[in-house]
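Asks: Right, I'll just put the structure down here and ask away after.
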Protein chains: 6
Amino acid sequence: MSIIAGLPPWVVLDPMLKSWLVEDIGRGDRSTNSLHIGEVPFGQAEWVAKAPGAIAGLPVARRIFYILDDRITFEAAVGEGDWCEPGRVVARIEGPIDALLMGERVALNLTMRLSGIATMTRRYVEKIADLPVQLVDTRKTTPGLRLLEKYASRAGGARNHRMGLDDAVMLKDNHIAAIGSIKEAIARVRSEIPYPLTIEVETETLADVKAALESGADIIMLDNMSPEQMRAGVQIIRQQSDRIKIEASGNITLETVRPVAETGVDYISTSAPITRSSWLDLSMKLGDRSYNSNSSNRLNPEKSLGLEKAP
Amino acid sequence: MSIIAGLPPWVVLDPMLKSWLVEDIGRGDRSTNSLHIGEVPFGQAEWVAKAPGAIAGLPVARRIFYILDDRITFEAAVGEGDWCEPGRVVARIEGPIDALLMGERVALNLTMRLSGIATMTRRYVEKIADLPVQLVDTRKTTPGLRLLEKYASRAGGARNHRMGLDDAVMLKDNHIAAIGSIKEAIARVRSEIPYPLTIEVETETLADVKAALESGADIIMLDNMSPEQMRAGVQIIRQQSDRIKIEASGNITLETVRPVAETGVDYISTSAPITRSSWLDLSMKLGDRSYNSNSSNRLNPEKSLGLEKAP
Amino acid sequence: MSIIAGLPPWVVLDPMLKSWLVEDIGRGDRSTNSLHIGEVPFGQAEWVAKAPGAIAGLPVARRIFYILDDRITFEAAVGEGDWCEPGRVVARIEGPIDALLMGERVALNLTMRLSGIATMTRRYVEKIADLPVQLVDTRKTTPGLRLLEKYASRAGGARNHRMGLDDAVMLKDNHIAAIGSIKEAIARVRSEIPYPLTIEVETETLADVKAALESGADIIMLDNMSPEQMRAGVQIIRQQSDRIKIEASGNITLETVRPVAETGVDYISTSAPITRSSWLDLSMKLGDRSYNSNSSNRLNPEKSLGLEKAP
Amino acid sequence: MSIIAGLPPWVVLDPMLKSWLVEDIGRGDRSTNSLHIGEVPFGQAEWVAKAPGAIAGLPVARRIFYILDDRITFEAAVGEGDWCEPGRVVARIEGPIDALLMGERVALNLTMRLSGIATMTRRYVEKIADLPVQLVDTRKTTPGLRLLEKYASRAGGARNHRMGLDDAVMLKDNHIAAIGSIKEAIARVRSEIPYPLTIEVETETLADVKAALESGADIIMLDNMSPEQMRAGVQIIRQQSDRIKIEASGNITLETVRPVAETGVDYISTSAPITRSSWLDLSMKLGDRSYNSNSSNRLNPEKSLGLEKAP
Amino acid sequence: MSIIAGLPPWVVLDPMLKSWLVEDIGRGDRSTNSLHIGEVPFGQAEWVAKAPGAIAGLPVARRIFYILDDRITFEAAVGEGDWCEPGRVVARIEGPIDALLMGERVALNLTMRLSGIATMTRRYVEKIADLPVQLVDTRKTTPGLRLLEKYASRAGGARNHRMGLDDAVMLKDNHIAAIGSIKEAIARVRSEIPYPLTIEVETETLADVKAALESGADIIMLDNMSPEQMRAGVQIIRQQSDRIKIEASGNITLETVRPVAETGVDYISTSAPITRSSWLDLSMKLGDRSYNSNSSNRLNPEKSLGLEKAP
Amino acid sequence: MSIIAGLPPWVVLDPMLKSWLVEDIGRGDRSTNSLHIGEVPFGQAEWVAKAPGAIAGLPVARRIFYILDDRITFEAAVGEGDWCEPGRVVARIEGPIDALLMGERVALNLTMRLSGIATMTRRYVEKIADLPVQLVDTRKTTPGLRLLEKYASRAGGARNHRMGLDDAVMLKDNHIAAIGSIKEAIARVRSEIPYPLTIEVETETLADVKAALESGADIIMLDNMSPEQMRAGVQIIRQQSDRIKIEASGNITLETVRPVAETGVDYISTSAPITRSSWLDLSMKLGDRSYNSNSSNRLNPEKSLGLEKAP
């Protein structure tokens, strides 16, 4: 079972998860809230894959249900990043039926979105798995979902690029244009940033590459270059240092990723798995057996949904 | 220029927009923060379409820049939902260069995502534009983005389905299974919900359709039926009432949407434009002219980014 | 024991309940915080009705104490909506004395307010209990308390009207005046809203009723009409359809509610139980027995108030 | 024009006001959002008293509209606490019609509630206006509204009692019972609290009064005593000190407030204006003249509701 | 073991503690998050004093760890306010190693800061321990930390002064200058504030003292006076009343605190322990024994950090 | 005038600044709120240095006043980081007197704290100004103030170290102990983190230094070594690479900072300016001239404090 790093602790994620539940529930789930007044039987459900793909997000889905009602148990049946064929059970859930139905959509929406990202990432990664190069993501992520979309990217086999504007510097064409030269831009930034941070420079020509090299860039991005240009760029850089990281970027597709990888770059960045993937289809099937779980109900009634038998 | 309803007032949206800026900026934009210390020139930028599609989200993008620095002006060059060919300028922006660069990614990410949804929605809608039927969305939306993804759905020409669990009732297979029968489920819910709310029932067979009809459903969903079944379902329902709304659902594709529409249903629901669309590619180009705009700077310096000349 | 639907899950309500505790506690309860340093005995308390009325809010009161200190147990002795005579014990509470005293006022304030609403609602409902009509509430609710005041309305026997501006449309005189005609107003709105939503139109004359009927209103409100006018309005509407809902509104009192009900309308809306009710008087009596509950103390000391014996 | 202290700065109140708008608007005002797409005319409205009473809350109502759309102007026509007869215009409002309609209910609900409190407070105060005694409120306030309900109490002519558990100490029967004696309770608290805070003790007998006096209470509450007992209590206290404040409490009504006042106490506390008052009826009338205010629209379009002509 | 009042309940403090963890963790602890993927052994740690001082903040440190991961146990080995020599173990902690390391810095930073305050407070207090006078703090506190810095002040042996602008009135030179006279300032304020609140007046001359006395001040501050002036001021005040509290303020140092105390004032206020103290040095030592604690892991896996073995 | 980078945009800082105002104001400023009812004159004030030091925080102080009342103008009279002798005016402020007094304490507390940090930082920096080495800070910062304390560190002339657990990796003794070896720890982390992030390793012996060097550390910290050891460490590292950054740490004082700097390290980290500095004393003097500024009052009355003349 594969294991994935990258989830921050719940104290970081919980506010998001709660806001997503509230987004869907609003003033209350009119459908389930009236069905089982005062009795709320327990039920079982399974999540089943309806299309082939790599699963990502189950620990977060479990937490979403837990926030809604901590009597719910959620057992993942596959590891994060595992590839599943249609029909495969990916999780088993048990708890008060109303809570299962109330949390279903939010938990599934997230997992389907993240698994879609992991799935397309996996397809890219497989193309270059035998080469000394890593696929990386970008800052093109859905607003509000960056942490988890980048987690899904890792579940699919990619490395993460910087997570935001504050954990690394990237000097792009617009920045450099605003200042005038790569050299001046790097010089200004270097003296102001936290010292452990690295500076990446976007280059579009070999002249840019040389300028970046001379100005002390830590990472050099070869942007929108042909494989030949890239190869030349790699050569120029490697002549000077083994420590400078080289990233290829720009219109990477499933067709071009391998030729680019063969140029000798260290990293290939693409937003495609996040901006161009479809959700992986999953569905929740409610089991036949439902029962009244009074005993566990009594263990911590205050934690329930507020749907249980009125006092 | 087309106009789109559906955006709630900023008092509702602002907390989200702010959280998205903070998600990207984190502890500060290391790249731009050091480039223009104490001088921050004004600059101009254009947003340009790089692929054909329907634009959605420009008023929200404008607001994102405004929140970051209220000296920025953002002028949309196309209407919401307008179709744009590659190369078309969709917005012109002017303001402190650092703020333009700092807000660029968040504002573009949102607009590219929403425009991608509007674009695929448009393709579906065009298939059935001449028929008395409307395309509608579902609750399969990215966690945290429902309001805006559903707004994009409207920009693409669809109607919205319910926005959450609280503005309409949908009794699905899982709900009905939990209670035992459509009749009992509707009866329980009807007496408990706010009285203006409507109840929709998911049906999979014509027997279900009849049961829903007899139990007083306001909306009947024909789920995963063949066109022939749908036609029969429509006939059964219309014999009894013109007021009951009929929705078709289940694996609607660009190929199947028209045959389904021809069965006489009122609405066709599909999550595809939200779960299966790619982002519409847009890019921001910084203009040549940048200048020091001291006068407007002085008008309300407290509102600026905190990057301006230290006191 | 009567049971009431309508409470959303705690993930929706908790932020409010916490803010209310903080509103009262501020920087700390100066009175209790110094009384039992390091020993905090457990105590028992009862909530007793001091006036006759219908109780509402006990599950929320229980949750308020739980948030403050999860070692508190709160047992409701009556059902939501139950009628209680003075002297009746409505709840029994047990826990650290300081927490009982610290949470007392907030929990009581809420329950007294909600029970006052349920009590007056009950008086209205009893006047028309034998007729096929239902009492409904309005949007005149205390800012911040709508969900719970409408829950109390249900506990008193009423149905809820729409919960906010987003779960149904109500076209009032001001809206219609702004547009020019009922017909145009309905037409504009119908094409823009989520399709399951219903449209209610406020009418003040029989001409308005006819216009609303012809324009396809789902619900017609007869506003401030005499019983005779209402009867005529009902007749006009029923001639066309059994499905259109009819609501009477405007200066409904305990005296007028029955004559209005006898006109044949489906719903009678009044804000009186929420805008004109007094709080139902309840008091908390601390029991004699207090004791040191070290064992339960040790089970989860981190959850306590922070008042316990310093480490 | 009377003037009232007691409103904290907006940085304190704004989060509440915003949450109240969001409570009502939810995912958007379906009624107004579709009526004026892209044109939003400006309109005028008046708030008119429909029952006699003292007005309170207009500055807060103005702020609520301002938060929704800062192009709205709101001019109060009467002072806070002013008495108004039915038909009196209390405020004039001008701005985009949709914003006026969207904010109407929240702003009116608050003002009607606060004015109801001010009105009943005024009736109590008038009974004792010629005596050297002041009416004060209690901690029985609607959860979430304490600051503003106590502000309304002041607008009606009362003084405020403590605002929460942290700005003064009140030792009640339950506290004293938990410790054993008034003396011990005061001693424990005195040494722990911020030194400027005062300690009030609830007394039910003259023996209690003496104990409180000897233990150094700053304020002595005579709770549920007969006027004779109160007079005796006042005498006992005044023999020792002129600085100790004396408060009468317990079942104060419009009938009993004057005899109690005549006993010589300094303060009479009652929750009645907050727990037993009806809302003061106010209504908003939209004026005839509506017009397109393009110029002011252009001044700061980013601040508008998001309803204006799409870009 | 000494015990300290003054901590408000966790419902008040938790939002701060969570924000501090998020401030440090940001998007995730890159160092520990990758070290123990899927196995996370339990470990033990000790907090050890590295300098002599009075400890304060352990209950809050415990809560910080609890919020991060509720499987952590934190046992304080010394009482709040206890004096510790270098090498003394002040707390023992046990739990998942990653959580121990992730929470270490935040919990230590807070405790070191608070203990530094308690330590310097203690030094002041010891100078005057035999005199009938109390050391008090001021409103000069680190933004965001007032509650806890004032708690530390108490742990060091001081009393608290007012906690904010709302629990007592202090009329300073700037206020009085703005109004014109002490008398007028007191008169205006007295009639507007909650009646239990006390009014303190800052005086710089004996003439001020007399004016404050005549105007009914509850507390008189002798600001920046010489010991002789103070003695005279005390005499003037005591001639009139024993109940008026007298506070000395202005440049109190370890050298001057005793002579000032001997003037007969009741309170001496100084910000020095909060504005001039160094942090007390503490360090965390990880124990040798680490082990896999599967059983407790299974008790409530949903509460863990999200670092455990992926599902 | 010196200029300092490092302040994130206000969208990041505003929530903190607002929470600090609310922390101090609570339910309202009882002192000023009653002084100028309905007239609120404008006044002028100066901030004056009372001790020698480097100023930091004025842009944030200006923003704090702006949030409280946007009619306040705040003009810094010195640059960030500028050294000021006692008596120097550092800022001039003008606005409604009540707002000046209400915001004074929070704005001053912050500026005094930050200036204290800048002042001590400056003293360290001056000791090594002529050497090719930079002083850096640590993660020992006051909870909730990291961004601004690190900004003050920069204002004093230091560079920032990492800002949190997520923008660089630091493997400390506790991490390495938990894993077993530097090599294994680096290997595990390197493959999991965002690729632009650097890894720093804490070393205590020259053996550690060699292990770190062989394992590919980006930054090597020489912790608690003697100058001789450090010199040896630097030599070992420099033999292999010029790009590896070398940081000295551990008990750096004003006496030891220069000898350590002379060992050839690149960075010297110390928490002293943040954990051991006193606040720099500043005071606010209210000017004589106060006046009624009705005109500016009318420009945007909704933005005022809510203290102005009631409507």
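Here, A, B, ... name the chains of the structure tokens in the order displayed, residue numbers run from 1 inside each chain, and ligands are numbered from 1 in the same displayed order.
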Quick check for you: according to DSSP on this backbone, which residues of segment 152-232 of chain B are classed as strand (DSSP E or B)? Reply as a ChimeraX atom specification.
Replies: /B:159,169-171,199-203,219-223
Asks: Could the residues in this selection be saved with N, CA, C and O atoms as a short mmCIF file (atom, residue, chain, number, x, y, z; two decimals), in the first residue's frame?
Replies:
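The resulting file, again-v9.cif, is reproduced below:
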data_model
loop_
_atom_site.label_atom_id
_atom_site.label_comp_id
_atom_site.auth_asym_id
_atom_site.auth_seq_id
_atom_site.Cartn_x
_atom_site.Cartn_y
_atom_site.Cartn_z
N ARG B 159 -29.44 26.75 -16.89
CA ARG B 159 -30.13 27.17 -15.69
C ARG B 159 -29.47 26.48 -14.50
O ARG B 159 -28.86 25.42 -14.65
N VAL B 169 -35.71 19.89 -2.13
CA VAL B 169 -35.53 18.51 -1.67
C VAL B 169 -35.32 17.62 -2.88
O VAL B 169 -36.00 17.77 -3.89
N MET B 170 -34.35 16.76 -2.78
CA MET B 170 -34.17 15.73 -3.80
C MET B 170 -34.13 14.40 -3.09
O MET B 170 -33.23 14.13 -2.30
N LEU B 171 -35.11 13.55 -3.39
CA LEU B 171 -35.13 12.21 -2.78
C LEU B 171 -34.49 11.24 -3.76
O LEU B 171 -35.04 10.96 -4.83
N ILE B 199 -40.27 19.37 -3.97
CA ILE B 199 -39.69 18.05 -3.75
C ILE B 199 -39.49 17.37 -5.10
O ILE B 199 -40.44 17.22 -5.88
N GLU B 200 -38.27 16.97 -5.35
CA GLU B 200 -37.96 16.21 -6.57
C GLU B 200 -37.69 14.77 -6.19
O GLU B 200 -37.09 14.49 -5.16
N VAL B 201 -38.16 13.85 -7.03
CA VAL B 201 -37.94 12.43 -6.77
C VAL B 201 -37.19 11.82 -7.94
O VAL B 201 -37.53 12.04 -9.10
N GLU B 202 -36.18 11.05 -7.60
CA GLU B 202 -35.40 10.32 -8.60
C GLU B 202 -36.13 9.02 -8.93
O GLU B 202 -36.46 8.26 -8.03
N THR B 203 -36.40 8.80 -10.22
CA THR B 203 -37.07 7.54 -10.59
C THR B 203 -36.21 6.79 -11.59
O THR B 203 -35.54 7.40 -12.43
N ILE B 219 -41.29 17.66 -8.80
CA ILE B 219 -40.38 17.46 -9.92
C ILE B 219 -40.06 15.97 -9.98
O ILE B 219 -39.82 15.34 -8.94
N ILE B 220 -40.07 15.42 -11.16
CA ILE B 220 -39.74 14.00 -11.30
C ILE B 220 -38.51 13.87 -12.19
O ILE B 220 -38.47 14.40 -13.29
N MET B 221 -37.50 13.21 -11.62
CA MET B 221 -36.28 13.00 -12.40
C MET B 221 -36.31 11.60 -13.00
O MET B 221 -36.51 10.61 -12.30
N LEU B 222 -36.10 11.53 -14.31
CA LEU B 222 -35.99 10.25 -15.00
C LEU B 222 -34.49 9.94 -15.08
O LEU B 222 -33.76 10.58 -15.81
N ASP B 223 -34.08 8.99 -14.27
CA ASP B 223 -32.64 8.80 -14.08
C ASP B 223 -32.14 7.58 -14.85
O ASP B 223 -32.61 6.46 -14.64
#
Asks: In segment 169-261 of chain B, what's alpha helix (DSSP H) per DSSP? Answer as a compact mmCIF listing (two decimals) with N, CA, C and O atoms, in the first residue's frame?
Replies:
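Listing of out12.txt after writing:
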# COMPACT_ATOMS: atom_id res chain seq x y z
N ASP B 173 -32.21 7.53 -4.64
CA ASP B 173 -32.33 6.10 -4.35
C ASP B 173 -31.94 5.79 -2.91
O ASP B 173 -32.62 5.04 -2.21
N ASN B 174 -30.85 6.39 -2.45
CA ASN B 174 -30.41 6.09 -1.09
C ASN B 174 -31.42 6.54 -0.04
O ASN B 174 -31.64 5.85 0.96
N HIS B 175 -32.03 7.72 -0.24
CA HIS B 175 -33.05 8.18 0.71
C HIS B 175 -34.24 7.22 0.70
O HIS B 175 -34.76 6.82 1.75
N ILE B 176 -34.70 6.88 -0.50
CA ILE B 176 -35.90 6.08 -0.61
C ILE B 176 -35.65 4.69 -0.05
O ILE B 176 -36.48 4.13 0.68
N ALA B 177 -34.46 4.15 -0.34
CA ALA B 177 -34.12 2.84 0.22
C ALA B 177 -34.14 2.88 1.74
O ALA B 177 -34.59 1.94 2.40
N ALA B 178 -33.68 3.98 2.29
CA ALA B 178 -33.61 4.07 3.76
C ALA B 178 -35.00 4.10 4.39
O ALA B 178 -35.18 3.68 5.53
N ILE B 179 -35.97 4.60 3.68
CA ILE B 179 -37.33 4.73 4.23
C ILE B 179 -38.23 3.59 3.79
O ILE B 179 -39.09 3.13 4.55
N ILE B 182 -41.26 5.51 -1.98
CA ILE B 182 -41.34 6.91 -2.41
C ILE B 182 -42.45 7.63 -1.66
O ILE B 182 -42.29 8.74 -1.18
N LYS B 183 -43.57 6.95 -1.53
CA LYS B 183 -44.74 7.57 -0.92
C LYS B 183 -44.46 8.01 0.52
O LYS B 183 -44.75 9.13 0.92
N GLU B 184 -43.89 7.07 1.27
CA GLU B 184 -43.61 7.37 2.67
C GLU B 184 -42.55 8.47 2.77
O GLU B 184 -42.64 9.36 3.63
N ALA B 185 -41.56 8.42 1.91
CA ALA B 185 -40.49 9.42 1.96
C ALA B 185 -41.04 10.82 1.69
O ALA B 185 -40.76 11.78 2.42
N ILE B 186 -41.85 10.95 0.64
CA ILE B 186 -42.43 12.27 0.34
C ILE B 186 -43.32 12.74 1.48
O ILE B 186 -43.27 13.90 1.89
N ALA B 187 -44.10 11.84 2.00
CA ALA B 187 -45.04 12.24 3.06
C ALA B 187 -44.29 12.77 4.27
O ALA B 187 -44.64 13.82 4.83
N ARG B 188 -43.23 12.07 4.64
CA ARG B 188 -42.47 12.53 5.81
C ARG B 188 -41.86 13.90 5.57
O ARG B 188 -41.88 14.77 6.43
N VAL B 189 -41.29 14.07 4.41
CA VAL B 189 -40.57 15.32 4.14
C VAL B 189 -41.53 16.49 3.97
O VAL B 189 -41.32 17.57 4.50
N ARG B 190 -42.60 16.25 3.25
CA ARG B 190 -43.52 17.36 2.92
C ARG B 190 -43.98 18.11 4.17
O ARG B 190 -44.09 19.33 4.17
N LEU B 206 -40.64 3.11 -14.74
CA LEU B 206 -41.95 3.75 -14.91
C LEU B 206 -42.83 3.53 -13.70
O LEU B 206 -43.68 4.36 -13.37
N ALA B 207 -42.59 2.44 -13.00
CA ALA B 207 -43.34 2.22 -11.75
C ALA B 207 -42.98 3.31 -10.74
O ALA B 207 -43.84 3.84 -10.04
N ASP B 208 -41.69 3.62 -10.69
CA ASP B 208 -41.26 4.72 -9.82
C ASP B 208 -41.96 6.01 -10.23
O ASP B 208 -42.40 6.80 -9.39
N VAL B 209 -42.02 6.25 -11.53
CA VAL B 209 -42.64 7.48 -12.02
C VAL B 209 -44.08 7.58 -11.52
O VAL B 209 -44.52 8.62 -11.02
N LYS B 210 -44.79 6.48 -11.64
CA LYS B 210 -46.20 6.49 -11.20
C LYS B 210 -46.29 6.71 -9.70
O LYS B 210 -47.14 7.46 -9.22
N ALA B 211 -45.40 6.08 -8.96
CA ALA B 211 -45.43 6.26 -7.50
C ALA B 211 -45.14 7.73 -7.15
O ALA B 211 -45.80 8.30 -6.27
N ALA B 212 -44.17 8.31 -7.81
CA ALA B 212 -43.83 9.71 -7.52
C ALA B 212 -45.02 10.61 -7.86
O ALA B 212 -45.36 11.55 -7.13
N LEU B 213 -45.66 10.30 -8.95
CA LEU B 213 -46.80 11.09 -9.41
C LEU B 213 -47.93 11.03 -8.38
O LEU B 213 -48.52 12.05 -8.01
N GLU B 214 -48.21 9.83 -7.91
CA GLU B 214 -49.30 9.65 -6.95
C GLU B 214 -48.96 10.26 -5.59
O GLU B 214 -49.85 10.62 -4.84
N PRO B 227 -34.03 6.74 -24.03
CA PRO B 227 -34.94 7.73 -24.58
C PRO B 227 -36.38 7.21 -24.68
O PRO B 227 -37.33 7.95 -24.45
N GLU B 228 -36.53 5.95 -24.98
CA GLU B 228 -37.89 5.41 -25.10
C GLU B 228 -38.59 5.43 -23.75
O GLU B 228 -39.74 5.86 -23.62
N GLN B 229 -37.86 4.97 -22.74
CA GLN B 229 -38.44 5.01 -21.39
C GLN B 229 -38.81 6.43 -21.00
O GLN B 229 -39.84 6.69 -20.41
N MET B 230 -37.89 7.36 -21.32
CA MET B 230 -38.14 8.75 -20.97
C MET B 230 -39.42 9.25 -21.64
O MET B 230 -40.26 9.88 -21.01
N ARG B 231 -39.54 8.94 -22.92
CA ARG B 231 -40.73 9.37 -23.64
C ARG B 231 -41.99 8.83 -22.95
O ARG B 231 -42.97 9.56 -22.77
N ALA B 232 -41.94 7.58 -22.56
CA ALA B 232 -43.09 6.99 -21.88
C ALA B 232 -43.33 7.68 -20.54
O ALA B 232 -44.46 7.97 -20.15
N GLY B 233 -42.25 7.97 -19.84
CA GLY B 233 -42.38 8.64 -18.55
C GLY B 233 -43.01 10.02 -18.71
O GLY B 233 -43.91 10.41 -17.96
N VAL B 234 -42.54 10.75 -19.71
CA VAL B 234 -43.09 12.08 -19.95
C VAL B 234 -44.60 11.98 -20.22
O VAL B 234 -45.39 12.76 -19.68
N GLN B 235 -44.97 11.00 -21.02
CA GLN B 235 -46.38 10.85 -21.38
C GLN B 235 -47.23 10.59 -20.13
O GLN B 235 -48.29 11.18 -19.93
N ILE B 236 -46.75 9.68 -19.29
CA ILE B 236 -47.48 9.35 -18.05
C ILE B 236 -47.67 10.60 -17.20
O ILE B 236 -48.75 10.86 -16.68
N ILE B 237 -46.61 11.38 -17.09
CA ILE B 237 -46.68 12.55 -16.21
C ILE B 237 -47.59 13.62 -16.82
O ILE B 237 -48.44 14.18 -16.14
N ARG B 238 -47.41 13.87 -18.10
CA ARG B 238 -48.17 14.96 -18.72
C ARG B 238 -49.68 14.66 -18.76
O ARG B 238 -50.50 15.60 -18.79
N GLN B 239 -50.02 13.37 -18.74
CA GLN B 239 -51.45 13.03 -18.69
C GLN B 239 -52.09 13.56 -17.41
O GLN B 239 -53.26 13.88 -17.37
N GLN B 240 -51.26 13.64 -16.40
CA GLN B 240 -51.86 14.09 -15.13
C GLN B 240 -51.71 15.58 -14.90
O GLN B 240 -52.62 16.20 -14.35
N VAL B 257 -27.25 14.30 -25.64
CA VAL B 257 -28.09 15.37 -25.08
C VAL B 257 -29.27 15.71 -25.99
O VAL B 257 -30.37 16.00 -25.51
N ARG B 258 -29.07 15.63 -27.30
CA ARG B 258 -30.18 16.01 -28.18
C ARG B 258 -31.28 14.94 -28.21
O ARG B 258 -32.46 15.28 -28.03
N PRO B 259 -30.95 13.66 -28.40
CA PRO B 259 -32.02 12.65 -28.33
C PRO B 259 -32.79 12.73 -27.01
O PRO B 259 -34.01 12.55 -26.99
N VAL B 260 -32.09 12.96 -25.93
CA VAL B 260 -32.78 13.07 -24.65
C VAL B 260 -33.70 14.29 -24.66
O VAL B 260 -34.85 14.23 -24.21
N ALA B 261 -33.21 15.37 -25.20
CA ALA B 261 -34.01 16.60 -25.23
C ALA B 261 -35.29 16.38 -26.04
O ALA B 261 -36.35 16.95 -25.75
Asks: Might you pull out every residue within 10 Å of Ala152 of chain D, with only C-alpha atoms counted and same-chain residues fewer than 2 positions away left off, and present them as JSON, numbers by chain?
Replies: {"D": [4, 6, 7, 54, 55, 56, 57, 80, 81, 111, 113, 114, 115, 116, 117, 118, 119, 121, 146, 147, 148, 149, 150, 154, 155, 156, 157, 158, 160, 273, 274]}
Asks: Considering only C-alpha atoms, give me a table of residues in chain C that are at most 12 Å from chain F, with the closest atom pair and distance in Å for each, as a tab-separated table.
Replies:
residue	atom	partner	partner_atom	distance
C:Val22	CA	F:Gly26	CA	11.2
C:Glu23	CA	F:Arg27	CA	9.2
C:Asp24	CA	F:Arg27	CA	10.7
C:Ile25	CA	F:Gly26	CA	11.6
C:Gly26	CA	F:Gly26	CA	8.0
C:Arg27	CA	F:Gly26	CA	8.9
Asks: Would you list the contacts of Met16 of chain C as a list in words, taking every protein, DNA or RNA residue within 9 Å and counting only C-alpha atoms, but skipping same-chain residues closer than 4 positions in sequence?
Replies: Val12, Trp20, Leu21, Gly144 and Leu145 of chain C; Pro143 and Gly144 of chain D
Asks: From the options D:Leu108, D:Ala5, D:Leu165, D:Val60, which residue's atoms come nearest to His36 of chain F, counting only C-alpha atoms?
Replies: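 When distances to His36 of chain F are compared using only C-alpha atoms, the smallest one comes from D:Ala5.
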Asks: With distances taken over only C-alpha atoms, which of E:Asp98, E:His161, E:Ile252, E:Asp69 is nearest to Thr32 of chain E?
Replies: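 Looking only at the distances to Thr32 of chain E, the closest residue turns out to be E:Asp98.
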Asks: Hey, which of C:Ser277, C:Ser19, C:Thr198, C:Thr138 ends up closest to Arg123 of chain C? Count only C-alpha atoms.
Replies: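 Between C:Ser277, C:Ser19, C:Thr198, C:Thr138, the residue approaching Arg123 of chain C most closely is C:Ser277.
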Asks: For Pro132 of chain D, please output as a list in words all residues within 10 Å (counting only C-alpha atoms; exclusion window: fewer than 2 positions along the same chain).
Replies: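 Residues meeting the cut-off are Ile128, Ala129, Asp130, Gln134, Ala261, Glu262, Gly264, Val265, Asp266 and Tyr267 of chain D.
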Asks: Determine, counting only C-alpha atoms, which protein, DNA and RNA residues have an atom within 8 Å of an atom of Pro96 of chain A; residues of the same chain fewer than 6 positions away are not included. Present the result as a list in words.
Replies: Val40, Pro41, Phe42, Gly43, Arg71 and Ile72 of chain A
Asks: Keeping only N, CA, C and O atoms, write the selected residues to a file as a compact mmCIF listing (two decimals), in the first residue's frame.
Replies:
# COMPACT_ATOMS: atom_id res chain seq x y z
N VAL A 40 -33.02 7.77 13.72
CA VAL A 40 -31.77 7.69 12.96
C VAL A 40 -31.06 6.34 13.03
O VAL A 40 -30.13 6.15 13.82
N PRO A 41 -31.42 5.41 12.19
CA PRO A 41 -30.72 4.12 12.20
C PRO A 41 -29.31 4.26 11.67
O PRO A 41 -29.00 5.20 10.93
N PHE A 42 -28.47 3.31 12.06
CA PHE A 42 -27.13 3.24 11.49
C PHE A 42 -27.18 2.47 10.17
O PHE A 42 -28.03 1.59 9.99
N GLY A 43 -26.29 2.81 9.29
CA GLY A 43 -26.24 2.11 8.02
C GLY A 43 -24.80 1.96 7.56
O GLY A 43 -23.88 2.51 8.16
N ARG A 71 -19.42 9.69 15.11
CA ARG A 71 -19.74 8.27 15.26
C ARG A 71 -19.54 7.51 13.96
O ARG A 71 -19.65 6.29 13.93
N ILE A 72 -19.28 8.23 12.89
CA ILE A 72 -19.04 7.58 11.60
C ILE A 72 -17.65 6.96 11.57
O ILE A 72 -16.68 7.58 11.97
